[in-house]
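S.K.: Please find entry14.cif (mmCIF, C-alpha atoms) on the next line:
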data_work
loop_
_atom_site.label_atom_id
_atom_site.label_comp_id
_atom_site.auth_asym_id
_atom_site.auth_seq_id
_atom_site.Cartn_x
_atom_site.Cartn_y
_atom_site.Cartn_z
CA MET A 1 0.00 0.00 0.00
CA LYS A 2 1.32 3.42 -0.96
CA PHE A 3 1.24 6.39 1.43
CA VAL A 4 1.95 10.11 1.24
CA VAL A 5 2.75 11.65 4.63
CA TYR A 6 1.34 15.00 5.74
CA LEU A 7 2.55 16.54 9.01
CA ARG A 8 1.29 19.75 10.48
CA VAL A 9 2.33 21.75 13.52
CA SER A 10 1.21 25.04 14.95
CA THR A 11 4.04 26.87 16.72
CA ALA A 12 1.64 28.03 19.42
CA ARG A 13 0.09 24.62 20.11
CA GLN A 14 2.79 22.14 19.19
CA GLY A 15 3.92 21.52 22.77
CA ARG A 16 0.39 21.22 24.20
CA SER A 17 -0.81 18.44 21.92
CA GLY A 18 2.19 16.20 22.60
CA LEU A 19 2.55 15.66 18.88
CA GLY A 20 5.37 17.72 17.52
CA VAL A 21 6.91 16.89 14.18
CA GLU A 22 9.12 14.11 15.53
CA ALA A 23 6.27 12.49 17.46
CA GLN A 24 3.99 12.71 14.43
CA ARG A 25 6.68 11.24 12.23
CA GLU A 26 7.13 8.29 14.60
CA ALA A 27 3.37 7.68 14.85
CA VAL A 28 3.07 7.65 11.07
CA ARG A 29 6.13 5.39 10.69
CA GLN A 30 4.67 2.82 13.06
CA PHE A 31 1.31 2.93 11.31
CA VAL A 32 2.74 2.51 7.82
CA SER A 33 4.97 -0.33 9.05
CA SER A 34 2.01 -2.11 10.66
CA ARG A 35 0.18 -1.98 7.34
CA GLY A 36 3.18 -3.19 5.39
CA GLY A 37 3.02 0.01 3.39
CA THR A 38 5.54 2.24 1.69
CA VAL A 39 5.97 6.00 1.81
CA ILE A 40 6.42 6.99 -1.83
CA ALA A 41 7.25 10.70 -1.53
CA PRO A 42 9.07 13.13 0.75
CA GLU A 43 6.83 14.12 3.66
CA PHE A 44 4.88 17.36 3.44
CA VAL A 45 5.23 19.52 6.56
CA GLU A 46 2.94 22.47 7.24
CA VAL A 47 3.49 25.06 9.98
CA GLU A 48 0.22 26.87 10.29
CA THR A 49 -2.84 27.53 12.45
CA GLY A 50 -5.71 25.07 12.46
CA LYS A 51 -8.15 27.84 11.54
CA ARG A 52 -6.94 28.33 7.99
CA ASP A 53 -7.97 26.20 5.07
CA ASP A 54 -5.42 27.46 2.53
CA ARG A 55 -2.55 25.09 3.22
CA PRO A 56 -0.09 24.89 0.31
CA GLU A 57 1.70 21.80 1.64
CA LEU A 58 -1.57 19.92 2.05
CA THR A 59 -2.57 20.92 -1.48
CA LYS A 60 0.72 19.47 -2.74
CA ALA A 61 0.21 16.29 -0.73
CA LEU A 62 -3.31 15.80 -2.13
CA LYS A 63 -2.05 16.37 -5.64
CA ARG A 64 0.66 13.74 -5.14
CA CYS A 65 -1.97 11.31 -3.89
CA ARG A 66 -4.14 11.92 -6.93
CA VAL A 67 -1.37 11.32 -9.44
CA THR A 68 0.02 8.26 -7.67
CA GLY A 69 -3.12 6.69 -6.23
CA ALA A 70 -1.56 6.80 -2.78
CA THR A 71 -3.36 7.25 0.52
CA LEU A 72 -2.76 10.42 2.54
CA VAL A 73 -1.70 9.56 6.09
CA VAL A 74 -1.62 11.89 9.08
CA ALA A 75 -0.70 11.27 12.69
CA LYS A 76 -3.83 12.76 14.19
CA LEU A 77 -7.16 13.63 12.62
CA ASP A 78 -7.43 17.15 13.99
CA ARG A 79 -4.00 17.89 12.52
CA LEU A 80 -5.79 18.44 9.21
CA SER A 81 -8.08 21.19 10.46
CA ARG A 82 -10.63 22.16 13.07
CA ASN A 83 -12.90 23.38 10.30
CA ALA A 84 -15.78 21.00 9.56
CA ALA A 85 -16.41 22.30 6.04
CA PHE A 86 -12.76 21.81 5.16
CA LEU A 87 -12.70 18.23 6.43
CA MET A 88 -15.90 17.44 4.57
CA THR A 89 -14.37 18.85 1.40
CA LEU A 90 -11.32 16.68 1.95
CA ARG A 91 -13.56 13.68 2.45
CA ASP A 92 -15.27 14.36 -0.89
CA SER A 93 -12.05 15.17 -2.75
CA GLY A 94 -11.60 11.64 -4.00
CA VAL A 95 -8.36 11.16 -2.07
CA GLU A 96 -8.18 8.29 0.39
CA PHE A 97 -6.82 9.41 3.73
CA VAL A 98 -6.24 7.79 7.09
CA ALA A 99 -5.22 8.98 10.54
CA ALA A 100 -2.73 6.89 12.51
CA ASP A 101 -4.63 7.54 15.74
CA LEU A 102 -7.96 6.43 14.21
CA PRO A 103 -7.18 4.06 11.34
CA GLU A 104 -10.64 2.47 11.21
CA ALA A 105 -12.53 5.75 10.78
CA ASN A 106 -14.84 5.81 7.77
CA THR A 107 -16.30 8.78 5.95
CA MET A 108 -19.25 8.99 8.36
CA THR A 109 -16.96 8.93 11.38
CA VAL A 110 -14.79 11.62 9.86
CA GLY A 111 -17.83 13.75 9.13
CA VAL A 112 -19.09 13.48 12.71
CA MET A 113 -15.66 14.24 14.16
CA ALA A 114 -15.31 17.22 11.85
CA VAL A 115 -18.58 18.66 13.13
CA VAL A 116 -17.46 18.09 16.73
CA ALA A 117 -14.11 19.75 16.02
CA GLN A 118 -15.85 22.76 14.52
CA HIS A 119 -18.20 22.97 17.52
CA GLU A 120 -15.25 22.91 19.93
CA ARG A 121 -13.50 25.62 17.97
CA GLU A 122 -16.56 27.85 18.15
CA ALA A 123 -17.02 27.06 21.86
CA ILE A 124 -13.44 28.09 22.60
CA SER A 125 -14.01 31.37 20.79
CA GLN A 126 -17.22 32.01 22.73
CA ARG A 127 -15.57 31.20 26.08
CA THR A 128 -12.73 33.59 25.32
CA LYS A 129 -15.14 36.40 24.42
CA ALA A 130 -17.21 35.75 27.56
CA ALA A 131 -14.10 35.82 29.76
CA LEU A 132 -12.99 39.13 28.26
CA ALA A 133 -16.46 40.62 28.71
CA ALA A 134 -16.52 39.51 32.36
CA ALA A 135 -13.09 41.06 32.93
CA ARG A 136 -14.27 44.37 31.47
CA ALA A 137 -17.36 44.26 33.68
CA ARG A 138 -15.10 43.94 36.72
CA GLY A 139 -13.28 47.05 35.61
CA THR A 140 -10.19 45.28 34.37
CA VAL A 141 -8.33 47.32 31.78
CA LEU A 142 -7.35 45.10 28.86
CA GLY A 143 -4.25 46.08 26.92
CA GLY A 144 -2.26 49.29 27.16
CA LYS A 145 -0.85 50.68 30.41
CA ARG A 146 -2.53 49.46 33.59
CA ARG A 147 -2.29 50.66 37.15
CA GLY A 148 0.37 48.73 38.98
CA ALA A 149 1.88 47.35 35.79
CA ALA A 150 5.63 46.95 35.70
CA LYS A 151 7.59 49.89 34.34
CA ILE A 152 9.07 48.11 31.39
CA ALA A 153 10.86 51.19 30.06
CA ALA A 154 12.74 51.58 33.35
CA TYR A 155 13.78 47.94 33.33
CA GLN A 156 14.92 48.25 29.73
CA GLN A 157 16.98 51.34 30.55
CA THR A 158 18.58 49.55 33.49
CA GLY A 159 19.49 46.68 31.20
CA VAL A 160 20.99 49.01 28.62
CA LEU A 161 23.12 50.77 31.24
CA ALA A 162 24.30 47.44 32.65
CA ALA A 163 25.27 46.25 29.19
CA ARG A 164 27.20 49.45 28.48
CA LYS A 165 29.01 49.14 31.81
CA LYS A 166 30.01 45.58 30.95
CA VAL A 167 31.36 46.71 27.58
CA ARG A 168 33.37 49.53 29.18
CA GLU A 169 34.84 47.17 31.78
CA ALA A 170 35.83 44.70 29.07
CA ALA A 171 37.54 47.48 27.11
CA GLU A 172 39.41 48.67 30.20
CA LEU A 173 40.74 45.16 30.83
CA ARG A 174 42.27 45.24 27.34
CA ARG A 175 43.43 48.86 27.45
CA ASP A 176 47.15 48.15 27.95
CA ALA A 177 47.30 45.64 25.08
CA ILE A 178 45.41 47.91 22.69
CA GLU A 179 47.27 51.10 23.58
CA ALA A 180 50.65 49.39 23.17
CA LEU A 181 49.76 48.42 19.60
CA ILE A 182 48.29 51.84 18.85
CA MET A 183 51.59 53.44 19.84
CA GLU A 184 53.29 51.27 17.21
CA ARG A 185 51.29 53.12 14.57
CA LEU A 186 49.62 49.90 13.38
CA SER A 187 46.50 49.83 11.24
CA LEU A 188 43.23 48.52 12.65
CA ASN A 189 43.64 45.24 10.78
CA ALA A 190 47.19 44.85 12.05
CA ILE A 191 46.12 45.56 15.62
CA ALA A 192 43.38 42.95 15.32
CA ALA A 193 45.86 40.39 13.96
CA ARG A 194 48.35 41.05 16.77
CA LEU A 195 45.68 40.80 19.47
CA ASN A 196 44.50 37.49 18.04
CA ALA A 197 48.10 36.23 17.80
CA ASP A 198 48.63 37.18 21.45
CA SER A 199 45.45 35.25 22.45
CA VAL A 200 43.76 38.43 23.63
CA THR A 201 40.03 37.88 23.12
CA THR A 202 37.26 40.43 22.66
CA GLY A 203 34.89 41.20 25.50
CA ARG A 204 32.65 38.40 24.28
CA GLY A 205 35.50 35.94 24.02
CA GLY A 206 35.73 36.09 20.23
CA GLN A 207 38.33 37.02 17.62
CA TRP A 208 39.29 40.59 16.90
CA THR A 209 38.44 42.38 13.66
CA ALA A 210 39.25 45.90 12.52
CA THR A 211 35.69 46.94 13.43
CA ALA A 212 36.01 45.44 16.91
CA VAL A 213 39.28 47.28 17.45
CA LYS A 214 37.74 50.55 16.30
CA ARG A 215 34.83 50.12 18.70
CA ALA A 216 37.13 49.30 21.60
CA MET A 217 39.23 52.40 20.83
CA ALA A 218 36.11 54.55 20.73
CA MET A 219 35.01 53.14 24.08
CA LEU A 220 38.40 53.83 25.65
CA ALA A 221 38.59 57.31 24.15
CA GLY A 222 35.12 58.05 25.48
CA ASN A 223 36.29 57.56 29.05
CA PRO A 224 37.24 61.09 30.26
CA ALA A 225 39.77 59.73 32.73
CA HIS A 226 41.70 57.99 29.98
CA ARG A 227 41.04 60.07 26.89
CA LYS A 228 44.71 60.75 26.16
CA CYS A 229 47.71 58.50 25.91
CA ALA A 230 50.80 59.23 27.98
CA ASP A 231 52.23 61.53 25.32
CA GLY A 232 48.94 63.44 24.92
CA ASP A 233 47.85 61.86 21.61
CA ASP A 234 44.15 61.19 21.15
CA LEU A 235 43.39 57.44 21.03
CA ASN A 236 41.08 57.94 18.05
CA LYS A 237 43.85 59.56 16.03
CA VAL A 238 47.10 58.02 17.20
CA HIS A 239 46.71 54.95 14.94
CA GLU A 240 46.47 57.16 11.88
CA GLY A 241 50.24 57.49 11.45
CA ARG A 242 51.63 58.43 8.10
CA ASN A 243 53.15 54.98 7.71
CA PRO A 244 50.74 52.50 9.27
CA VAL A 245 51.80 48.88 9.27
CA SER A 246 49.14 46.61 7.66
#
How does the structure come out when it is put into C-alpha cells?
M.R.:
Amino acid sequence: MKFVVYLRVSTARQGRSGLGVEAQREAVRQFVSSRGGTVIAPEFVEVETGKRDDRPELTKALKRCRVTGATLVVAKLDRLSRNAAFLMTLRDSGVEFVAADLPEANTMTVGVMAVVAQHEREAISQRTKAALAAARARGTVLGGKRRGAAKIAAYQQTGVLAARKKVREAAELRRDAIEALIMERLSLNAIAARLNADSVTTGRGGQWTATAVKRAMAMLAGNPAHRKCADGDDLNKVHEGRNPVS
C-alpha cells in the first residue's frame, strides 16, 4: 500500500498536543509499518494555524496522492483542520486518507468528528469572548498601560546601562594591550591580527576584527579619565600614522 505523509504543527500549540513533528513522524512510521506500506514521496510539513484552510503543503500532498493513487496519512485527525467544512471537502475530494490515531474511521466517522471539532473551535471562541467581557465588567483594563503594571521602560533602561558598563569594563581590561599596539602606529587590521596572535580575546571571548578594534578604541577614548595617551595623543587619532603597518 502506498502512502503520502502529511505533518502539520502550529508553533503556538505544538507543545500542548504532545505531537510535535518528531512524534507525528514516529506515529506515522509505526502505522505505515504495521500496514506493510511504503511512503512513496518526501513528507509534506505544514506550519500553520488550524483555523486556515489554505494550506499549500496539504494541497501538494493531495495532488501527489491523486497522481500516484496513494493514501494520505496523518498522525492525528485534527492535525488536518478544526474546520468542519474543510474536512468534509477533503472527504469528498476523491483522495483516500487515514489517521494513525484512528485508522478504522470511515467517511461517516470523519464527518461526525469534523462537526465536533468545529463545535469545539466555536465554543473556545465564545468562552474567550465571555471571559474578556466579564473582565471588562469587573473594571479590568485590557491592553495598554494598567495601574500597577511593571515599568518596562525603566527595566529596559537599566538593562541598557548594565550592558554598556560591561562593555566599558571589558575594554578597560584590554586597554594596555590595545594602547601598546596603537603606539606602534599599526593599522586597525594589524592591531586585530596582533591581538588574536597574542590570544587576547574580545569582550565576548571572540576574535578581533578591525571593526572590533575601532569600537574598543572609541570606548576607551570616550572615558574622560583615559582620553589621552601618555604623550597626549588622542586614542582615536594616534593609529592614523603616516606609515601604518598593515
S.K.: Please write the residues picked by the PyMOL selection byres ((chain A and resi 43) around 7) on this file as JSON, numbers by chain.
M.R.: {"A": [4, 5, 6, 41, 42, 44, 45]}
S.K.: Neighbouring residues of A:Gly206 were defined as those with any atom within 12 Å, considering all atoms listed in the file; residues of the same chain fewer than 4 positions away were excluded. Please report them as a ChimeraX atom specification.
M.R.: /A:192,195-196,199-202,212
S.K.: Step by step: start from the point (34.9, 47.8, 26.5) in the file's coordinates, keep every protein, DNA or RNA residue that has an atom no farther than 9 Å from it, count all atoms listed in the file, and write the set as a PDB file with C-alpha atoms, in the coordinates of the input.
M.R.:
ATOM      1  CA  ARG A 164      27.200  49.450  28.480  1.00  0.00           C
ATOM      2  CA  LYS A 165      29.010  49.140  31.810  1.00  0.00           C
ATOM      3  CA  LYS A 166      30.010  45.580  30.950  1.00  0.00           C
ATOM      4  CA  VAL A 167      31.360  46.710  27.580  1.00  0.00           C
ATOM      5  CA  ARG A 168      33.370  49.530  29.180  1.00  0.00           C
ATOM      6  CA  GLU A 169      34.840  47.170  31.780  1.00  0.00           C
ATOM      7  CA  ALA A 170      35.830  44.700  29.070  1.00  0.00           C
ATOM      8  CA  ALA A 171      37.540  47.480  27.110  1.00  0.00           C
ATOM      9  CA  GLU A 172      39.410  48.670  30.200  1.00  0.00           C
ATOM     10  CA  LEU A 173      40.740  45.160  30.830  1.00  0.00           C
ATOM     11  CA  ARG A 174      42.270  45.240  27.340  1.00  0.00           C
ATOM     12  CA  ARG A 175      43.430  48.860  27.450  1.00  0.00           C
ATOM     13  CA  THR A 202      37.260  40.430  22.660  1.00  0.00           C
ATOM     14  CA  GLY A 203      34.890  41.200  25.500  1.00  0.00           C
ATOM     15  CA  ARG A 215      34.830  50.120  18.700  1.00  0.00           C
ATOM     16  CA  ALA A 216      37.130  49.300  21.600  1.00  0.00           C
ATOM     17  CA  MET A 217      39.230  52.400  20.830  1.00  0.00           C
ATOM     18  CA  ALA A 218      36.110  54.550  20.730  1.00  0.00           C
ATOM     19  CA  MET A 219      35.010  53.140  24.080  1.00  0.00           C
ATOM     20  CA  LEU A 220      38.400  53.830  25.650  1.00  0.00           C
TER      21      LEU A 220
END
S.K.: Ranking A:Leu102, A:Ala134, A:Ile182, A:Leu87 by minimum distance to A:Val115 and counting only C-alpha atoms, which one comes first?
M.R.: A:Leu87
